$ cat run.cif   # mmCIF, C-alpha atoms
data_data
#
loop_
_atom_site.label_atom_id
_atom_site.label_comp_id
_atom_site.auth_asym_id
_atom_site.auth_seq_id
_atom_site.Cartn_x
_atom_site.Cartn_y
_atom_site.Cartn_z
CA MET A 235 17.55 -54.87 29.39
CA ILE A 236 20.31 -52.45 30.34
CA LEU A 237 22.75 -55.35 30.70
CA ASP A 238 21.75 -56.62 27.24
CA LEU A 239 22.30 -53.18 25.74
CA ALA A 240 25.65 -52.85 27.50
CA ALA A 241 26.72 -56.20 26.09
CA ALA A 242 25.52 -55.23 22.63
CA ALA A 243 27.39 -51.93 22.85
CA SER A 244 30.72 -53.75 23.16
CA GLY A 245 30.33 -55.16 19.65
CA ALA A 246 28.11 -52.53 18.07
CA ILE A 247 29.06 -50.35 15.13
CA ARG A 248 30.27 -46.91 16.18
CA PHE A 249 29.14 -44.09 13.97
CA GLU A 250 32.58 -42.45 14.09
CA ASP A 251 34.14 -45.58 12.57
CA LEU A 252 32.05 -45.14 9.41
CA GLY A 253 34.10 -42.08 8.46
CA LEU A 254 31.05 -39.99 7.58
CA ASP A 255 31.12 -36.20 7.63
CA PRO A 256 28.05 -33.94 7.34
CA VAL A 257 30.14 -31.57 5.23
CA ALA A 258 30.71 -32.76 1.67
CA LEU A 259 33.03 -29.94 0.65
CA ASN A 260 34.80 -27.48 2.92
CA LEU A 261 36.67 -24.60 1.31
CA GLY A 262 37.10 -22.68 4.54
CA PHE A 263 35.02 -19.71 3.46
CA PHE A 264 32.30 -22.03 2.17
CA ALA A 265 31.00 -25.38 3.38
CA LEU A 266 28.67 -27.54 1.30
CA LYS A 267 26.72 -30.04 3.37
CA TRP A 268 25.37 -33.38 2.27
CA TYR A 269 21.96 -32.24 3.51
CA SER A 270 21.92 -29.49 0.88
CA LEU A 271 23.12 -31.90 -1.80
CA ALA A 272 20.34 -34.33 -0.82
CA TYR A 273 17.69 -31.69 -1.53
CA LEU A 274 19.39 -30.76 -4.79
CA ALA A 275 19.71 -34.40 -5.91
CA GLY A 276 16.09 -35.14 -5.03
CA ILE A 277 14.83 -32.17 -7.03
CA LEU A 278 17.04 -32.69 -10.09
CA ILE A 279 16.59 -36.46 -10.36
CA GLY A 280 12.89 -36.05 -9.63
CA TYR A 281 12.66 -33.52 -12.47
CA TRP A 282 14.44 -35.89 -14.85
CA TYR A 283 12.03 -38.70 -13.97
CA LEU A 284 9.02 -36.40 -14.22
CA LEU A 285 9.99 -35.61 -17.81
CA LYS A 286 10.01 -39.36 -18.53
CA LEU A 287 6.48 -39.65 -17.14
CA VAL A 288 5.20 -36.59 -18.96
CA ALA A 289 6.48 -37.96 -22.26
CA GLN A 290 4.03 -40.88 -22.05
CA PRO A 291 0.59 -40.79 -23.75
CA GLY A 292 -2.19 -39.08 -21.81
CA SER A 293 0.03 -36.76 -19.76
CA PRO A 294 -1.89 -34.09 -17.80
CA MET A 295 0.78 -31.48 -18.52
CA ALA A 296 3.34 -30.49 -21.13
CA ARG A 297 7.10 -30.11 -20.78
CA ARG A 298 6.75 -26.39 -20.05
CA HIS A 299 4.40 -27.17 -17.17
CA ALA A 300 6.93 -29.62 -15.75
CA ASP A 301 9.57 -26.89 -15.93
CA ASP A 302 7.30 -24.55 -13.95
CA MET A 303 6.52 -27.35 -11.51
CA ILE A 304 10.15 -27.46 -10.37
CA PHE A 305 9.95 -23.85 -9.19
CA TYR A 306 6.66 -24.35 -7.35
CA ALA A 307 7.81 -27.64 -5.83
CA THR A 308 11.11 -26.19 -4.57
CA LEU A 309 9.33 -23.22 -3.05
CA GLY A 310 6.71 -25.48 -1.47
CA ILE A 311 9.31 -27.83 -0.01
CA ILE A 312 11.30 -25.03 1.60
CA LEU A 313 8.46 -22.86 2.89
CA GLY A 314 6.04 -25.65 3.82
CA GLY A 315 8.72 -27.92 5.26
CA ARG A 316 10.26 -25.23 7.43
CA LEU A 317 7.03 -23.68 8.69
CA ALA A 318 5.53 -27.07 9.58
CA TYR A 319 8.69 -28.03 11.46
CA VAL A 320 8.52 -24.84 13.49
CA ILE A 321 4.78 -25.20 14.22
CA PHE A 322 4.62 -28.93 15.00
CA TYR A 323 8.10 -29.83 16.21
CA LYS A 324 9.79 -26.71 17.61
CA PRO A 325 7.30 -23.89 18.29
CA ASP A 326 9.77 -22.12 20.61
CA ILE A 327 11.49 -20.85 17.46
CA LEU A 328 8.50 -18.53 17.07
CA LEU A 329 9.86 -16.57 20.04
CA HIS A 330 12.77 -15.61 17.77
CA PRO A 331 11.09 -15.17 14.34
CA LEU A 332 14.33 -14.55 12.48
CA ASP A 333 15.48 -18.07 13.41
CA ILE A 334 12.76 -19.44 11.11
CA PHE A 335 14.95 -18.48 8.17
CA LYS A 336 18.05 -20.29 9.48
CA LEU A 337 17.59 -23.27 7.17
CA TRP A 338 21.29 -24.14 7.38
CA GLU A 339 20.77 -25.20 11.00
CA GLY A 340 18.39 -27.95 9.86
CA GLY A 341 14.80 -28.65 10.79
CA MET A 342 12.36 -29.55 8.01
CA SER A 343 9.07 -31.45 8.07
CA PHE A 344 8.13 -33.74 5.19
CA HIS A 345 4.43 -33.37 5.96
CA GLY A 346 4.75 -29.59 5.67
CA GLY A 347 6.78 -29.89 2.50
CA ALA A 348 4.10 -32.12 1.00
CA ILE A 349 1.42 -29.55 1.79
CA GLY A 350 3.60 -26.80 0.29
CA VAL A 351 4.12 -28.75 -2.93
CA SER A 352 0.41 -29.54 -3.11
CA LEU A 353 -0.47 -25.85 -2.82
CA GLY A 354 2.03 -25.11 -5.60
CA ILE A 355 0.37 -27.73 -7.82
CA LEU A 356 -3.09 -26.30 -7.11
CA TYR A 357 -1.92 -22.81 -8.06
CA MET A 358 -0.25 -23.98 -11.27
CA ALA A 359 -3.26 -26.10 -12.26
CA TRP A 360 -5.61 -23.15 -11.68
CA LYS A 361 -3.35 -20.79 -13.58
CA GLU A 362 -2.90 -23.14 -16.57
CA LYS A 363 -6.38 -24.73 -16.40
CA LEU A 364 -5.03 -28.25 -15.85
CA ASN A 365 -6.36 -31.26 -13.94
CA TRP A 366 -4.89 -30.72 -10.48
CA LEU A 367 -5.51 -34.26 -9.24
CA ARG A 368 -3.76 -35.92 -12.20
CA ILE A 369 -0.77 -33.60 -11.76
CA HIS A 370 -0.61 -34.77 -8.15
CA ASP A 371 -0.49 -38.35 -9.46
CA TYR A 372 2.56 -37.64 -11.59
CA VAL A 373 4.40 -35.60 -8.97
CA ALA A 374 3.76 -38.28 -6.33
CA CYS A 375 5.77 -40.73 -8.44
CA VAL A 376 8.93 -38.62 -8.17
CA VAL A 377 8.77 -37.73 -4.45
CA PRO A 378 10.49 -40.96 -3.26
CA PHE A 379 13.76 -39.70 -4.75
CA GLY A 380 13.77 -36.76 -2.35
CA LEU A 381 12.77 -38.98 0.57
CA PHE A 382 15.58 -41.43 -0.18
CA PHE A 383 18.34 -38.83 -0.38
CA GLY A 384 16.92 -36.88 2.55
CA ARG A 385 16.99 -39.90 4.86
CA LEU A 386 20.53 -40.76 3.78
CA ALA A 387 21.52 -37.19 4.66
CA ASN A 388 19.89 -37.61 8.08
CA PHE A 389 22.05 -40.70 8.60
CA VAL A 390 25.24 -38.95 7.50
CA ASN A 391 24.40 -36.13 9.92
CA GLY A 392 24.00 -38.67 12.72
CA GLU A 393 20.53 -37.31 13.53
CA LEU A 394 16.97 -38.65 13.93
CA TRP A 395 18.28 -41.99 15.15
CA GLY A 396 16.13 -44.79 16.51
CA LYS A 397 15.49 -46.27 19.92
CA GLU A 398 18.01 -48.28 21.90
CA THR A 399 18.30 -51.88 20.71
CA ASP A 400 20.56 -54.92 20.69
CA VAL A 401 20.06 -55.92 17.03
CA PRO A 402 23.35 -56.85 15.28
CA TRP A 403 23.24 -53.84 12.93
CA ALA A 404 22.64 -51.29 15.69
CA ILE A 405 24.82 -48.17 15.72
CA ILE A 406 26.11 -46.03 18.56
CA PHE A 407 25.51 -42.43 17.50
CA PRO A 408 27.61 -39.61 19.02
CA THR A 409 24.55 -37.69 20.20
CA GLY A 410 22.52 -40.76 21.13
CA GLY A 411 24.20 -41.82 24.36
CA PRO A 412 26.35 -44.89 25.08
CA PHE A 413 23.93 -47.57 23.90
CA PRO A 414 23.40 -48.85 20.32
CA ARG A 415 20.33 -47.64 18.46
CA HIS A 416 18.25 -48.55 15.42
CA PRO A 417 19.54 -46.80 12.27
CA SER A 418 15.94 -45.75 11.61
CA GLN A 419 17.07 -43.26 8.96
CA LEU A 420 18.16 -46.21 6.79
CA TYR A 421 14.88 -48.04 7.41
CA GLU A 422 13.01 -44.99 6.15
CA ALA A 423 15.32 -44.58 3.15
CA ALA A 424 14.59 -48.18 2.15
CA LEU A 425 10.83 -48.03 2.74
CA GLU A 426 9.85 -44.44 1.88
CA GLY A 427 12.48 -44.14 -0.84
CA VAL A 428 13.19 -47.45 -2.58
CA LEU A 429 10.09 -49.58 -1.87
CA LEU A 430 7.59 -46.75 -2.32
CA PHE A 431 9.25 -45.78 -5.61
CA LEU A 432 8.99 -49.36 -6.88
CA ILE A 433 5.29 -49.57 -5.93
CA LEU A 434 4.48 -46.32 -7.72
CA ALA A 435 6.65 -47.19 -10.73
CA TYR A 436 4.88 -50.52 -11.14
CA ALA A 437 1.48 -48.84 -10.85
CA PHE A 438 2.41 -46.18 -13.41
CA TRP A 439 4.18 -48.33 -16.02
CA ARG A 440 2.41 -51.69 -15.64
CA THR A 441 -1.19 -50.73 -14.84
CA LYS A 442 -3.75 -48.13 -15.93
CA ALA A 443 -3.48 -46.29 -12.60
CA ARG A 444 -2.42 -43.02 -14.21
CA TYR A 445 -5.74 -42.87 -16.07
CA GLU A 446 -7.70 -43.07 -12.79
CA PRO A 447 -7.23 -39.59 -11.24
CA GLY A 448 -6.08 -39.77 -7.64
CA LYS A 449 -4.97 -43.39 -7.61
CA LEU A 450 -1.22 -42.79 -7.75
CA VAL A 451 -1.20 -39.99 -5.20
CA GLY A 452 -3.47 -42.18 -3.06
CA LEU A 453 -0.92 -45.01 -3.23
CA PHE A 454 1.78 -42.56 -2.25
CA LEU A 455 -0.14 -41.16 0.73
CA LEU A 456 -1.09 -44.63 1.95
CA GLY A 457 2.39 -46.08 1.42
CA TYR A 458 4.26 -43.22 3.05
CA GLY A 459 1.77 -43.00 5.89
CA VAL A 460 1.98 -46.70 6.72
CA PHE A 461 5.78 -46.90 6.37
CA ARG A 462 6.43 -43.78 8.45
CA PHE A 463 3.85 -44.78 11.07
CA GLY A 464 5.52 -48.17 11.46
CA VAL A 465 9.12 -46.91 11.61
CA GLU A 466 8.16 -44.40 14.31
CA TYR A 467 7.83 -47.34 16.71
CA VAL A 468 11.61 -47.86 16.55
CA ARG A 469 12.50 -44.19 16.06
CA GLU A 470 13.24 -41.95 19.03
CA ALA A 471 10.79 -39.10 19.41
CA ASP A 472 12.18 -35.56 19.19
CA ALA A 473 13.55 -34.53 22.59
CA GLN A 474 11.12 -31.61 22.91
CA LEU A 475 8.17 -33.91 22.07
CA MET A 476 8.91 -36.80 24.44
CA GLU A 477 6.19 -35.67 26.84
CA PHE A 478 3.71 -35.34 23.96
CA ALA A 479 4.48 -38.91 22.81
CA ASP A 480 4.08 -40.28 26.34
CA ARG A 481 0.81 -38.39 26.86
CA THR A 482 -0.84 -39.33 23.55
CA GLY A 483 0.69 -42.76 23.02
CA LEU A 484 1.94 -41.84 19.54
CA HIS A 485 4.73 -39.70 18.12
CA MET A 486 3.89 -36.42 16.39
CA GLY A 487 5.00 -38.01 13.09
CA GLN A 488 2.46 -40.81 13.57
CA TRP A 489 -0.40 -38.40 14.26
CA LEU A 490 0.49 -36.48 11.11
CA CYS A 491 0.42 -39.74 9.13
CA VAL A 492 -3.14 -40.63 10.15
CA PRO A 493 -4.84 -38.17 7.74
CA MET A 494 -2.43 -39.28 5.00
CA ILE A 495 -3.45 -42.92 5.44
CA VAL A 496 -7.17 -42.10 5.53
CA GLY A 497 -6.88 -39.75 2.54
CA GLY A 498 -4.85 -42.30 0.59
CA LEU A 499 -7.41 -45.05 1.16
CA TYR A 500 -10.21 -42.75 0.05
CA LEU A 501 -8.44 -41.69 -3.16
CA ILE A 502 -7.63 -45.29 -4.08
CA ALA A 503 -11.16 -46.52 -3.35
CA THR A 504 -12.79 -43.77 -5.42
CA ALA A 505 -10.26 -43.60 -8.28
CA LYS A 506 -12.15 -45.82 -10.74
CA ARG A 507 -15.27 -43.66 -10.64
CA ARG A 508 -13.13 -40.69 -11.72
CA ARG A 509 -11.78 -42.52 -14.75
CA GLN A 510 -12.59 -40.68 -17.95
CA ARG A 511 -11.33 -40.28 -21.48
CA VAL A 512 -7.94 -38.67 -21.00
CA GLU A 513 -6.89 -36.12 -23.59
CA SER A 514 -3.15 -35.53 -23.82
CA VAL A 515 -1.77 -32.15 -22.89
CA ALA A 516 1.61 -33.28 -24.21
CA GLY A 517 1.45 -34.96 -27.62
CA GLY A 518 -1.55 -35.89 -29.65
CA GLN A 519 -2.59 -39.30 -28.39
CA SER A 520 -5.76 -39.78 -26.35
CA VAL A 521 -6.34 -42.64 -23.96
CA ALA A 522 -9.84 -44.05 -23.46
#

$ encode --input "run.cif" --output "structure tokens"
Amino acid sequence: MILDLAAAASGAIRFEDLGLDPVALNLGFFALKWYSLAYLAGILIGYWYLLKLVAQPGSPMARRHADDMIFYATLGIILGGRLAYVIFYKPDILLHPLDIFKLWEGGMSFHGGAIGVSLGILYMAWKEKLNWLRIHDYVACVVPFGLFFGRLANFVNGELWGKETDVPWAIIFPTGGPFPRHPSQLYEAALEGVLLFLILAYAFWRTKARYEPGKLVGLFLLGYGVFRFGVEYVREADAQLMEFADRTGLHMGQWLCVPMIVGGLYLIATAKRRRQRVESVAGGQSVA
């Protein structure tokens, strides 16, 4: 196997040859990283698409609610994503509490960000007396944008690479040793970003899924959970969690996906019984 990898390394793509730089703009006194731009692009494009969804008949919220949702979602992504990363992936940061706030050094968990956004939705729905499950359906449709740009940023940063392999498209990453590895960041961008978006878009625009509370968010949870669980088999576990992966047989990311898959299946299976006459919050058209 080592000989095969050594042979593959001689013709493999070297990350340095791609000419990628984690910093998008460097003014000396200020450096703007692609990672930051990925978050910004995901939020802004997601907001634009959310407005398209809200404009359709039977929306569970009005434009002003969508505007508020951006604030709650951003806050949930940052707080939930960072805290979950610290708790599940790098608990030693808790020994230096101030390091929790060093977001510029990287370290975010999607699972934590999802929980943070969900809590934000629950609060807004309670405050405005809206259907919290249907809001989740609409927000779930826009999340793939953030996943897509986030994974591309991971690739540009040369981080979260995959396991050693001899496939023709393997890449030798600067921090990944001398052997070529799976560009697992790109696999996730394609599956969690592009394919998951297309599945949800089809369900929203071509079926009656948005009138069955929980169905769209169920599709999202199931799709993301399955895609992430599968990619983890070719993705290298975090260095500090190698022992955990060896001991349990699964990566931390896979364990965190299990409740998502189970929850997604439940929401999809029970969605039809929750179908009801949907009164528009935005506009005046009802949908039976």

$ atom_distance --input "run.cif" --atom1 "CA of Leu456 in chain A" --atom2 "CA of Val390 in chain A"
27.5 Å

$ resolve_selection --input "run.cif" --expression "the PyMOL selection byres ((chain A and resi 298) around 12)" --output "PyMOL selection string"
chain A and resi 281+284-285+288-289+294-297+299-305+358+362+515-516

$ closest_residue --input "run.cif" --among "A:Gly315, A:Ala275, A:Gly347, A:Tyr306" --to "Ala359 in chain A" --atoms "all atoms listed in the file"
A:Tyr306

$ closest_atom_pairs --input "run.cif" --of "range 293-359 of chain A" --to "range 491-497 of chain A" --cutoff "12 Å" --atoms "only C-alpha atoms" --output "JSON lines"
{"residue": "A:Phe344", "atom": "CA", "partner": "A:Cys491", "partner_atom": "CA", "distance": 10.5}
{"residue": "A:His345", "atom": "CA", "partner": "A:Cys491", "partner_atom": "CA", "distance": 8.2}
{"residue": "A:Gly346", "atom": "CA", "partner": "A:Cys491", "partner_atom": "CA", "distance": 11.6}
{"residue": "A:Ala348", "atom": "CA", "partner": "A:Met494", "partner_atom": "CA", "distance": 10.5}
{"residue": "A:Ile349", "atom": "CA", "partner": "A:Met494", "partner_atom": "CA", "distance": 10.9}

$ closest_residue --input "run.cif" --among "A:Leu364, A:Val376, A:Val351, A:Ala387" --to "Ile277 in chain A" --atoms "only C-alpha atoms"
A:Val376

$ residues_near_point --input "run.cif" --point "(22.7, -29.7, 5.1)" --cutoff "10 Å" --atoms "all atoms listed in the file" --output "list of chain:residue names"
A:Pro256, A:Val257, A:Ala258, A:Ala265, A:Leu266, A:Lys267, A:Trp268, A:Tyr269, A:Ser270, A:Leu271, A:Ala272, A:Tyr273, A:Leu337, A:Trp338, A:Glu339, A:Gly340, A:Gly341, A:Gly384, A:Ala387, A:Asn388, A:Val390, A:Asn391

$ write_last_selection --input "run.cif" --atoms "C-alpha atoms" --output "compact mmCIF listing (two decimals), keeping the file's coordinate frame"
# COMPACT_ATOMS: atom_id res chain seq x y z
CA PRO A 256 28.05 -33.94 7.34
CA VAL A 257 30.14 -31.57 5.23
CA ALA A 258 30.71 -32.76 1.67
CA ALA A 265 31.00 -25.38 3.38
CA LEU A 266 28.67 -27.54 1.30
CA LYS A 267 26.72 -30.04 3.37
CA TRP A 268 25.37 -33.38 2.27
CA TYR A 269 21.96 -32.24 3.51
CA SER A 270 21.92 -29.49 0.88
CA LEU A 271 23.12 -31.90 -1.80
CA ALA A 272 20.34 -34.33 -0.82
CA TYR A 273 17.69 -31.69 -1.53
CA LEU A 337 17.59 -23.27 7.17
CA TRP A 338 21.29 -24.14 7.38
CA GLU A 339 20.77 -25.20 11.00
CA GLY A 340 18.39 -27.95 9.86
CA GLY A 341 14.80 -28.65 10.79
CA GLY A 384 16.92 -36.88 2.55
CA ALA A 387 21.52 -37.19 4.66
CA ASN A 388 19.89 -37.61 8.08
CA VAL A 390 25.24 -38.95 7.50
CA ASN A 391 24.40 -36.13 9.92

$ resolve_selection --input "run.cif" --expression "the PyMOL selection byres ((chain A and resi 468) around 7)" --output "number ranges by chain"
A: 396-397, 416, 418, 465-467, 469-470

$ atom_distance --input "run.cif" --atom1 "CA of Phe461 in chain A" --atom2 "CA of Gly427 in chain A"
10.2 Å

$ atom_distance --input "run.cif" --atom1 "CA of Ile311 in chain A" --atom2 "CA of Ser352 in chain A"
9.6 Å

$ resolve_selection --input "run.cif" --expression "the PyMOL selection byres ((chain A and resi 447) around 12)" --output "ChimeraX atom specification"
/A:292-294,365-372,438,442-446,448-453,501-512

$ residues_around --input "run.cif" --residues "range 419-421 of chain A" --least-positions-apart "6" --cutoff "7 Å" --atoms "only C-alpha atoms" --output "number ranges by chain"
A: 385-386, 388-389, 394-395

$ closest_residue --input "run.cif" --among "A:Gly380, A:Gly498, A:Gly354, A:Gly487" --to "Phe322 in chain A" --atoms "all atoms listed in the file"
A:Gly487

$ residues_around --input "run.cif" --residues "Leu475 in chain A" --least-positions-apart "6" --cutoff "8 Å" --atoms "only C-alpha atoms" --output "PyMOL selection string"
chain A and resi 323+485-486
